[in-house]
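All remarks here apply to the structure that follows.
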Amino acid sequence: MYDLQPISRSDIQDFIKIMEKIRDSHNLEINNFYPYALVLILILALILRFIGLDRGMWIDESFSFRWDKDFNIIKLIISLRDYDKPPLYFILLYFWTKINASEEFCRLLSIIFDIGSLIVLMKWLKQYSSVASILGGVYFATLPIILRYSQEIRLYSLLVFATVIAFFFASRIASKPEKSFAYVGLTLGLSLATSVQLVGIMLVPPIALFIILMTILEKKDVYWNKLILSLAIPCLIFSFFYFIYLTTLTQRTIDWWMPPLSWELLSSTTKYLFGLSNLFFHSNTDNIIVFIFFALLTMALFFGQWKNNYPFILAALVFWLEIIIYSLIKTHIFFYRIILPGIVPFIGFLVLQITSIKIKYIKKISIILLTILTGIFTFNWVSFQAYQPVEYYKPVANLIESQWQANNPVIIYPGYIASTVKYYLEQIPEDNHLVVWFTNDSEKLKSDIRNKLFSLDKEQSKEIFVVSRIDLTLKQEDYKNLLLAIKSEIKSQVTIKIALIMSHELFFVNNWEKSKTFLDILSSEFGQPLSYQDKKAYILSEYKFIPSQI
């Protein structure tokens with residue numbers, strides 16, 4: 001028989017002390033390793049972001065260069081009033097290009113903001129868990145949409161940076177609400193966000209909710225006067241841009257190009273946001289990524305400690321819900337880049353849920369799955385995604401240059417793609433370009449085409465290049481009007497080489513069939529093509545046209 005002795009209070013206290021020593025020694029090991037992990041993650045992030053800097057710009061990136069050669073900073077600020085976004089990023093890019101205006105160097109500006117986001121994100125999560133900070137850093141460093149915008153010559157890397165800053169100081173307010181410095185930091189973060197993109201104002205409600213909930217969890221008092229002031233200042237900045245500075249905002253958004261909200265758009269945008277799908281090419285790893293992501297998310301949701309982490313996911317959901325509601329009742333703005341800031345609190349929630357799992361083997365499996373997921377993201381990025389343009393203007397332009405001869409005109413339609421196409425047509429003189437904005441004035445269009453066909457040579461050009469973008473707004477009848485105008489001015493046999501560049505945004509509404517309707521228009525006007533190449537991201541076709549066959 002065993003002699004069972006009752007457990008005394010001192011025994012319990014000794015056991016607690018032993019467990020605390022084990023925990024403290026474990027935390028000490030993690031903290032000792034943490035600086036090395038931070039350096040390794042930063043090195044990984046930099047290596048990934050320096051791959052594919054010369055992939056080629058797409059039209060939104062070209063729109064970032066919103067100044068002429070003779071612009072000074074005052075002219076730029078005045079001209080930006082006619083745009084639909086606050087001016088801060090474009091002013092920074094303007095000064096950045098004074099150092100070097102190459103595509104690769106311009107991408108470095110976004111990389112700087114992105115690396116700043118990574119550092120602040122890890123420091124933010126370290127307030128709660130060193131392991132979560134490391135996991136969050138690796139996930140942020142390799143997530144495909146973050147990688148894309150870490151290089152893109154657009155404002156979204158800066159917007160994410162502002163978002164991370166705002167959440168970092170929001171956590172500081174929750175833990176030490178009496179410290180004024182944290183409120184100043186929150187004000188700066190939210191003010192930066194609203195000075196970069198108008199959607200930045202939608203960060204105010206989720207961050208206010210986050211602070212209130214985290215303050216309750218921390219059992220602290222809410223300093224309402226300081227908090228309200230911190231939130232009011234970015235609201236005033238937003239009001240200035242929305243009501244005073246951006247003078248043409250209403251006219252620009254009245255026929256906004258974005259697609260209406262639908263289940264198809266919700267599904268495809270969600271997949272792209274979380275790295276579950278690629279733009280044009282289906283990877284063999286896509287199904288594996290989907291399985292790992294949902295297995296990881298399921299374990300985090302079911303086994304993680306919601307009590308301490310739910311403010312993070314609520315902040316993300318509130319932000320996304322705001323955009324959905326706004327899209328339903330006012331203007332269609334729901335799109336992957338608009339909802340991008342919500343990924344910041346989502347990452348915080350995911351990694352904190354994982355690190356809070358009490359069942360050790362499930363926690364280990366979750367960490368392993370997250371590591372595998374980031375490994376696949378890294379492999380896919382290095383193997384092909386880093387080199388894949390968002391839209392294929394650069395390869396199309398290079399192909400045209402390789403076939404172009406001295407008297408060949410290049411017709412570009414619609415006009416808003418012209419700056420992007422012409423950026424890569426370095427060897428073709430400006431006189432050979434014809435940019436078509438509208439096709440409804442048939443007489444003017446015919447005159448412009450006639451002048452271009454015969455101005456380069458005494459005889460009609462033997463080859464004509466036509467570059468177009470098939471997107472959500474381009475209408476079939478407008479494209480047909482262009483082809484009819486070209487036909488009407490051709491007086492002798494000519495070879496017409498057509499390039500149709502697919503807008504990547506067709507992916508999100510699953511409208512790849514639109515390209516077939518444009519090909520049908522080409523066939524009806526010029527007959528069957530001499531050659532045809534469907535690259536999915538762009539289509540090349542060539543036609544022999546003889547006027548007598550009309």
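Numbering starts fresh at 1 for the residues of each chain in the structure tokens, the chains themselves are lettered A, B, ... in the order given, and ligands are numbered from 1 as they appear.
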
For Ser262 (chain A), work out the shell of residues within 10 Å, counting only C-alpha atoms and skipping chain neighbours fewer than 2 positions away, then give it as a list in words. Pro259, Pro260, Glu264, Leu265, Leu266, Ser267, Leu328, Phe334 and Val509 of chain A

Any chance you can output those residues with N, CA, C and O atoms as a compact mmCIF listing (two decimals), in the first residue's frame?
# COMPACT_ATOMS: atom_id res chain seq x y z
N PRO A 259 -15.47 46.77 -60.27
CA PRO A 259 -16.65 45.90 -60.47
C PRO A 259 -17.56 45.92 -59.25
O PRO A 259 -17.11 46.12 -58.12
N PRO A 260 -18.86 45.69 -59.46
CA PRO A 260 -19.79 45.61 -58.32
C PRO A 260 -19.49 44.40 -57.46
O PRO A 260 -18.95 43.39 -57.93
N GLU A 264 -18.44 36.10 -56.52
CA GLU A 264 -17.26 35.78 -57.32
C GLU A 264 -16.10 36.71 -56.95
O GLU A 264 -14.96 36.28 -56.76
N LEU A 265 -16.41 38.00 -56.84
CA LEU A 265 -15.38 38.98 -56.49
C LEU A 265 -14.89 38.76 -55.06
O LEU A 265 -13.68 38.83 -54.80
N LEU A 266 -15.80 38.49 -54.13
CA LEU A 266 -15.41 38.21 -52.75
C LEU A 266 -14.48 37.01 -52.67
O LEU A 266 -13.45 37.04 -51.99
N SER A 267 -14.84 35.95 -53.37
CA SER A 267 -14.06 34.71 -53.32
C SER A 267 -12.68 34.89 -53.92
O SER A 267 -11.67 34.55 -53.29
N LEU A 328 -21.56 48.57 -51.07
CA LEU A 328 -22.96 48.22 -51.33
C LEU A 328 -23.87 49.44 -51.36
O LEU A 328 -24.82 49.49 -52.15
N PHE A 334 -14.57 47.81 -53.13
CA PHE A 334 -14.04 46.54 -52.62
C PHE A 334 -13.11 45.93 -53.65
O PHE A 334 -13.53 45.53 -54.74
N VAL A 509 -13.14 38.86 -61.54
CA VAL A 509 -14.57 38.70 -61.86
C VAL A 509 -14.79 37.52 -62.80
O VAL A 509 -15.88 37.32 -63.32

Residues of region 172-285 of chain A classed as alpha helix (DSSP H) by DSSP on the backbone are to be reported as an mmCIF file with N, CA and C atoms, in the first residue's frame.
data_model
loop_
_atom_site.group_PDB
_atom_site.id
_atom_site.type_symbol
_atom_site.label_atom_id
_atom_site.label_comp_id
_atom_site.auth_asym_id
_atom_site.auth_seq_id
_atom_site.Cartn_x
_atom_site.Cartn_y
_atom_site.Cartn_z
ATOM 1 N N ARG A 172 0.281 49.986 -27.373
ATOM 2 C CA ARG A 172 0.952 50.722 -26.302
ATOM 3 C C ARG A 172 -0.056 51.501 -25.452
ATOM 4 N N ILE A 173 -1.061 52.063 -26.117
ATOM 5 C CA ILE A 173 -2.101 52.790 -25.382
ATOM 6 C C ILE A 173 -2.865 51.842 -24.470
ATOM 7 N N ALA A 174 -3.162 50.634 -24.981
ATOM 8 C CA ALA A 174 -3.922 49.664 -24.186
ATOM 9 C C ALA A 174 -3.159 49.213 -22.952
ATOM 10 N N SER A 175 -1.839 49.076 -23.083
ATOM 11 C CA SER A 175 -1.049 48.595 -21.944
ATOM 12 C C SER A 175 -0.659 49.719 -20.989
ATOM 13 N N SER A 180 1.390 59.688 -22.816
ATOM 14 C CA SER A 180 0.959 60.547 -23.928
ATOM 15 C C SER A 180 1.678 60.213 -25.232
ATOM 16 N N PHE A 181 2.915 59.697 -25.123
ATOM 17 C CA PHE A 181 3.696 59.421 -26.329
ATOM 18 C C PHE A 181 2.976 58.444 -27.255
ATOM 19 N N ALA A 182 2.291 57.455 -26.684
ATOM 20 C CA ALA A 182 1.591 56.465 -27.500
ATOM 21 C C ALA A 182 0.462 57.103 -28.302
ATOM 22 N N TYR A 183 -0.209 58.081 -27.724
ATOM 23 C CA TYR A 183 -1.290 58.770 -28.434
ATOM 24 C C TYR A 183 -0.738 59.588 -29.589
ATOM 25 N N VAL A 184 0.421 60.185 -29.375
ATOM 26 C CA VAL A 184 1.073 60.937 -30.454
ATOM 27 C C VAL A 184 1.416 59.990 -31.608
ATOM 28 N N GLY A 185 1.956 58.812 -31.271
ATOM 29 C CA GLY A 185 2.295 57.831 -32.300
ATOM 30 C C GLY A 185 1.071 57.345 -33.056
ATOM 31 N N LEU A 186 -0.026 57.109 -32.333
ATOM 32 C CA LEU A 186 -1.269 56.685 -32.988
ATOM 33 C C LEU A 186 -1.769 57.769 -33.938
ATOM 34 N N THR A 187 -1.727 59.006 -33.497
ATOM 35 C CA THR A 187 -2.154 60.124 -34.349
ATOM 36 C C THR A 187 -1.322 60.195 -35.618
ATOM 37 N N LEU A 188 -0.017 60.029 -35.474
ATOM 38 C CA LEU A 188 0.873 60.070 -36.639
ATOM 39 C C LEU A 188 0.573 58.919 -37.596
ATOM 40 N N GLY A 189 0.362 57.718 -37.049
ATOM 41 C CA GLY A 189 0.083 56.563 -37.893
ATOM 42 C C GLY A 189 -1.193 56.725 -38.694
ATOM 43 N N LEU A 190 -2.278 57.130 -38.028
ATOM 44 C CA LEU A 190 -3.557 57.303 -38.714
ATOM 45 C C LEU A 190 -3.526 58.504 -39.659
ATOM 46 N N SER A 191 -2.826 59.560 -39.272
ATOM 47 C CA SER A 191 -2.700 60.731 -40.149
ATOM 48 C C SER A 191 -1.919 60.377 -41.405
ATOM 49 N N LEU A 192 -0.893 59.567 -41.245
ATOM 50 C CA LEU A 192 -0.124 59.104 -42.398
ATOM 51 C C LEU A 192 -1.008 58.276 -43.327
ATOM 52 N N ALA A 193 -1.813 57.392 -42.754
ATOM 53 C CA ALA A 193 -2.691 56.539 -43.560
ATOM 54 C C ALA A 193 -3.679 57.366 -44.372
ATOM 55 N N THR A 194 -4.304 58.367 -43.748
ATOM 56 C CA THR A 194 -5.289 59.186 -44.456
ATOM 57 C C THR A 194 -4.644 60.148 -45.445
ATOM 58 N N SER A 195 -3.343 60.393 -45.301
ATOM 59 C CA SER A 195 -2.616 61.249 -46.243
ATOM 60 C C SER A 195 -2.093 60.456 -47.435
ATOM 61 N N VAL A 196 -2.223 59.146 -47.360
ATOM 62 C CA VAL A 196 -1.748 58.269 -48.431
ATOM 63 C C VAL A 196 -2.907 57.770 -49.283
ATOM 64 N N VAL A 204 -9.882 54.072 -38.540
ATOM 65 C CA VAL A 204 -10.205 54.721 -37.263
ATOM 66 C C VAL A 204 -11.164 53.876 -36.416
ATOM 67 N N PRO A 205 -12.317 53.432 -36.945
ATOM 68 C CA PRO A 205 -13.220 52.624 -36.103
ATOM 69 C C PRO A 205 -12.608 51.313 -35.611
ATOM 70 N N PRO A 206 -11.956 50.487 -36.483
ATOM 71 C CA PRO A 206 -11.397 49.238 -35.947
ATOM 72 C C PRO A 206 -10.290 49.450 -34.932
ATOM 73 N N ILE A 207 -9.483 50.486 -35.099
ATOM 74 C CA ILE A 207 -8.417 50.736 -34.133
ATOM 75 C C ILE A 207 -8.995 51.267 -32.822
ATOM 76 N N ALA A 208 -10.029 52.086 -32.909
ATOM 77 C CA ALA A 208 -10.693 52.545 -31.676
ATOM 78 C C ALA A 208 -11.282 51.355 -30.918
ATOM 79 N N LEU A 209 -11.925 50.447 -31.645
ATOM 80 C CA LEU A 209 -12.473 49.238 -31.029
ATOM 81 C C LEU A 209 -11.368 48.380 -30.438
ATOM 82 N N PHE A 210 -10.270 48.236 -31.179
ATOM 83 C CA PHE A 210 -9.128 47.449 -30.706
ATOM 84 C C PHE A 210 -8.585 47.998 -29.386
ATOM 85 N N ILE A 211 -8.425 49.303 -29.306
ATOM 86 C CA ILE A 211 -7.893 49.926 -28.090
ATOM 87 C C ILE A 211 -8.831 49.700 -26.906
ATOM 88 N N ILE A 212 -10.118 49.896 -27.122
ATOM 89 C CA ILE A 212 -11.091 49.735 -26.033
ATOM 90 C C ILE A 212 -11.097 48.299 -25.513
ATOM 91 N N LEU A 213 -11.128 47.333 -26.437
ATOM 92 C CA LEU A 213 -11.170 45.928 -26.031
ATOM 93 C C LEU A 213 -9.876 45.496 -25.356
ATOM 94 N N MET A 214 -8.736 45.922 -25.891
ATOM 95 C CA MET A 214 -7.456 45.555 -25.294
ATOM 96 C C MET A 214 -7.270 46.230 -23.939
ATOM 97 N N THR A 215 -7.784 47.439 -23.790
ATOM 98 C CA THR A 215 -7.718 48.129 -22.498
ATOM 99 C C THR A 215 -8.514 47.364 -21.448
ATOM 100 N N ILE A 216 -9.668 46.844 -21.855
ATOM 101 C CA ILE A 216 -10.477 46.033 -20.942
ATOM 102 C C ILE A 216 -9.732 44.767 -20.538
ATOM 103 N N LEU A 217 -9.108 44.109 -21.543
ATOM 104 C CA LEU A 217 -8.347 42.890 -21.246
ATOM 105 C C LEU A 217 -7.172 43.173 -20.324
ATOM 106 N N TRP A 224 -10.337 58.813 -22.318
ATOM 107 C CA TRP A 224 -11.166 59.180 -23.458
ATOM 108 C C TRP A 224 -10.749 60.493 -24.102
ATOM 109 N N ASN A 225 -10.343 61.463 -23.320
ATOM 110 C CA ASN A 225 -9.971 62.755 -23.901
ATOM 111 C C ASN A 225 -8.767 62.619 -24.826
ATOM 112 N N LYS A 226 -7.766 61.852 -24.407
ATOM 113 C CA LYS A 226 -6.582 61.647 -25.239
ATOM 114 C C LYS A 226 -6.921 60.811 -26.478
ATOM 115 N N LEU A 227 -7.713 59.771 -26.273
ATOM 116 C CA LEU A 227 -8.058 58.884 -27.386
ATOM 117 C C LEU A 227 -8.880 59.614 -28.446
ATOM 118 N N ILE A 228 -9.875 60.372 -28.016
ATOM 119 C CA ILE A 228 -10.725 61.095 -28.964
ATOM 120 C C ILE A 228 -9.916 62.112 -29.754
ATOM 121 N N LEU A 229 -8.994 62.784 -29.092
ATOM 122 C CA LEU A 229 -8.141 63.759 -29.780
ATOM 123 C C LEU A 229 -7.262 63.061 -30.820
ATOM 124 N N SER A 230 -6.703 61.902 -30.453
ATOM 125 C CA SER A 230 -5.851 61.154 -31.378
ATOM 126 C C SER A 230 -6.617 60.705 -32.624
ATOM 127 N N LEU A 231 -7.895 60.377 -32.447
ATOM 128 C CA LEU A 231 -8.712 59.928 -33.579
ATOM 129 C C LEU A 231 -9.292 61.098 -34.361
ATOM 130 N N ALA A 232 -9.480 62.234 -33.699
ATOM 131 C CA ALA A 232 -10.089 63.393 -34.363
ATOM 132 C C ALA A 232 -9.148 64.029 -35.378
ATOM 133 N N ILE A 233 -7.854 64.074 -35.069
ATOM 134 C CA ILE A 233 -6.898 64.744 -35.962
ATOM 135 C C ILE A 233 -6.845 64.074 -37.339
ATOM 136 N N PRO A 234 -6.686 62.727 -37.452
ATOM 137 C CA PRO A 234 -6.728 62.122 -38.786
ATOM 138 C C PRO A 234 -8.075 62.304 -39.481
ATOM 139 N N CYS A 235 -9.163 62.403 -38.717
ATOM 140 C CA CYS A 235 -10.481 62.668 -39.320
ATOM 141 C C CYS A 235 -10.507 64.057 -39.957
ATOM 142 N N LEU A 236 -9.886 65.022 -39.307
ATOM 143 C CA LEU A 236 -9.805 66.376 -39.862
ATOM 144 C C LEU A 236 -8.939 66.395 -41.126
ATOM 145 N N ILE A 237 -7.850 65.642 -41.108
ATOM 146 C CA ILE A 237 -6.979 65.564 -42.286
ATOM 147 C C ILE A 237 -7.740 64.938 -43.454
ATOM 148 N N PHE A 238 -8.472 63.881 -43.177
ATOM 149 C CA PHE A 238 -9.291 63.250 -44.210
ATOM 150 C C PHE A 238 -10.307 64.244 -44.771
ATOM 151 N N SER A 239 -10.968 64.986 -43.899
ATOM 152 C CA SER A 239 -11.972 65.962 -44.331
ATOM 153 C C SER A 239 -11.363 67.009 -45.247
ATOM 154 N N LEU A 249 -12.923 64.847 -57.161
ATOM 155 C CA LEU A 249 -13.152 63.495 -56.635
ATOM 156 C C LEU A 249 -14.534 62.967 -57.013
ATOM 157 N N THR A 250 -15.551 63.795 -56.886
ATOM 158 C CA THR A 250 -16.918 63.356 -57.189
ATOM 159 C C THR A 250 -17.063 62.950 -58.645
ATOM 160 N N GLN A 251 -16.486 63.757 -59.543
ATOM 161 C CA GLN A 251 -16.581 63.435 -60.971
ATOM 162 C C GLN A 251 -15.811 62.159 -61.305
ATOM 163 N N ARG A 252 -14.709 61.928 -60.614
ATOM 164 C CA ARG A 252 -13.890 60.752 -60.907
ATOM 165 C C ARG A 252 -14.545 59.460 -60.430
ATOM 166 N N THR A 253 -15.317 59.534 -59.373
ATOM 167 C CA THR A 253 -15.883 58.317 -58.798
ATOM 168 C C THR A 253 -17.326 58.067 -59.219
ATOM 169 N N TRP A 263 -20.344 37.491 -55.118
ATOM 170 C CA TRP A 263 -19.691 36.362 -54.457
ATOM 171 C C TRP A 263 -18.419 35.972 -55.199
ATOM 172 N N GLU A 264 -18.442 36.096 -56.518
ATOM 173 C CA GLU A 264 -17.255 35.782 -57.316
ATOM 174 C C GLU A 264 -16.101 36.711 -56.952
ATOM 175 N N LEU A 265 -16.415 38.003 -56.839
ATOM 176 C CA LEU A 265 -15.382 38.980 -56.486
ATOM 177 C C LEU A 265 -14.894 38.760 -55.063
ATOM 178 N N LEU A 266 -15.802 38.486 -54.126
ATOM 179 C CA LEU A 266 -15.405 38.213 -52.746
ATOM 180 C C LEU A 266 -14.479 37.012 -52.665
ATOM 181 N N SER A 267 -14.841 35.948 -53.366
ATOM 182 C CA SER A 267 -14.064 34.708 -53.323
ATOM 183 C C SER A 267 -12.675 34.889 -53.918
ATOM 184 N N SER A 268 -12.611 35.447 -55.130
ATOM 185 C CA SER A 268 -11.316 35.588 -55.807
ATOM 186 C C SER A 268 -10.411 36.575 -55.080
ATOM 187 N N THR A 269 -10.999 37.645 -54.541
ATOM 188 C CA THR A 269 -10.203 38.634 -53.810
ATOM 189 C C THR A 269 -9.641 38.037 -52.526
ATOM 190 N N THR A 270 -10.462 37.265 -51.821
ATOM 191 C CA THR A 270 -10.008 36.618 -50.586
ATOM 192 C C THR A 270 -8.870 35.647 -50.867
ATOM 193 N N LYS A 271 -9.010 34.861 -51.913
ATOM 194 C CA LYS A 271 -7.959 33.904 -52.279
ATOM 195 C C LYS A 271 -6.650 34.626 -52.587
ATOM 196 N N TYR A 272 -6.750 35.704 -53.344
ATOM 197 C CA TYR A 272 -5.546 36.441 -53.724
ATOM 198 C C TYR A 272 -4.908 37.115 -52.513
ATOM 199 N N LEU A 273 -5.747 37.647 -51.616
ATOM 200 C CA LEU A 273 -5.246 38.346 -50.430
ATOM 201 C C LEU A 273 -4.419 37.419 -49.545
#

Using only C-alpha atoms, which protein or nucleic acid residues come within 8 Å of region 373-379 of chain A? Drop anything in the same chain fewer than 3 positions from it, and give the result as a PyMOL selection string. chain A and resi 48+138-139+142-144+275+285+289+292-293+369-370+382-383

Do you have the CA of Ile343 (chain A)-CA of Leu317 (chain A) distance handy? 9.8 Å

Within 6 Å of region 308-312 of chain A using only C-alpha atoms, minus same-chain residues under 3 positions, as a list in words: Phe210, Ala315, Pro345 and Phe349 of chain A
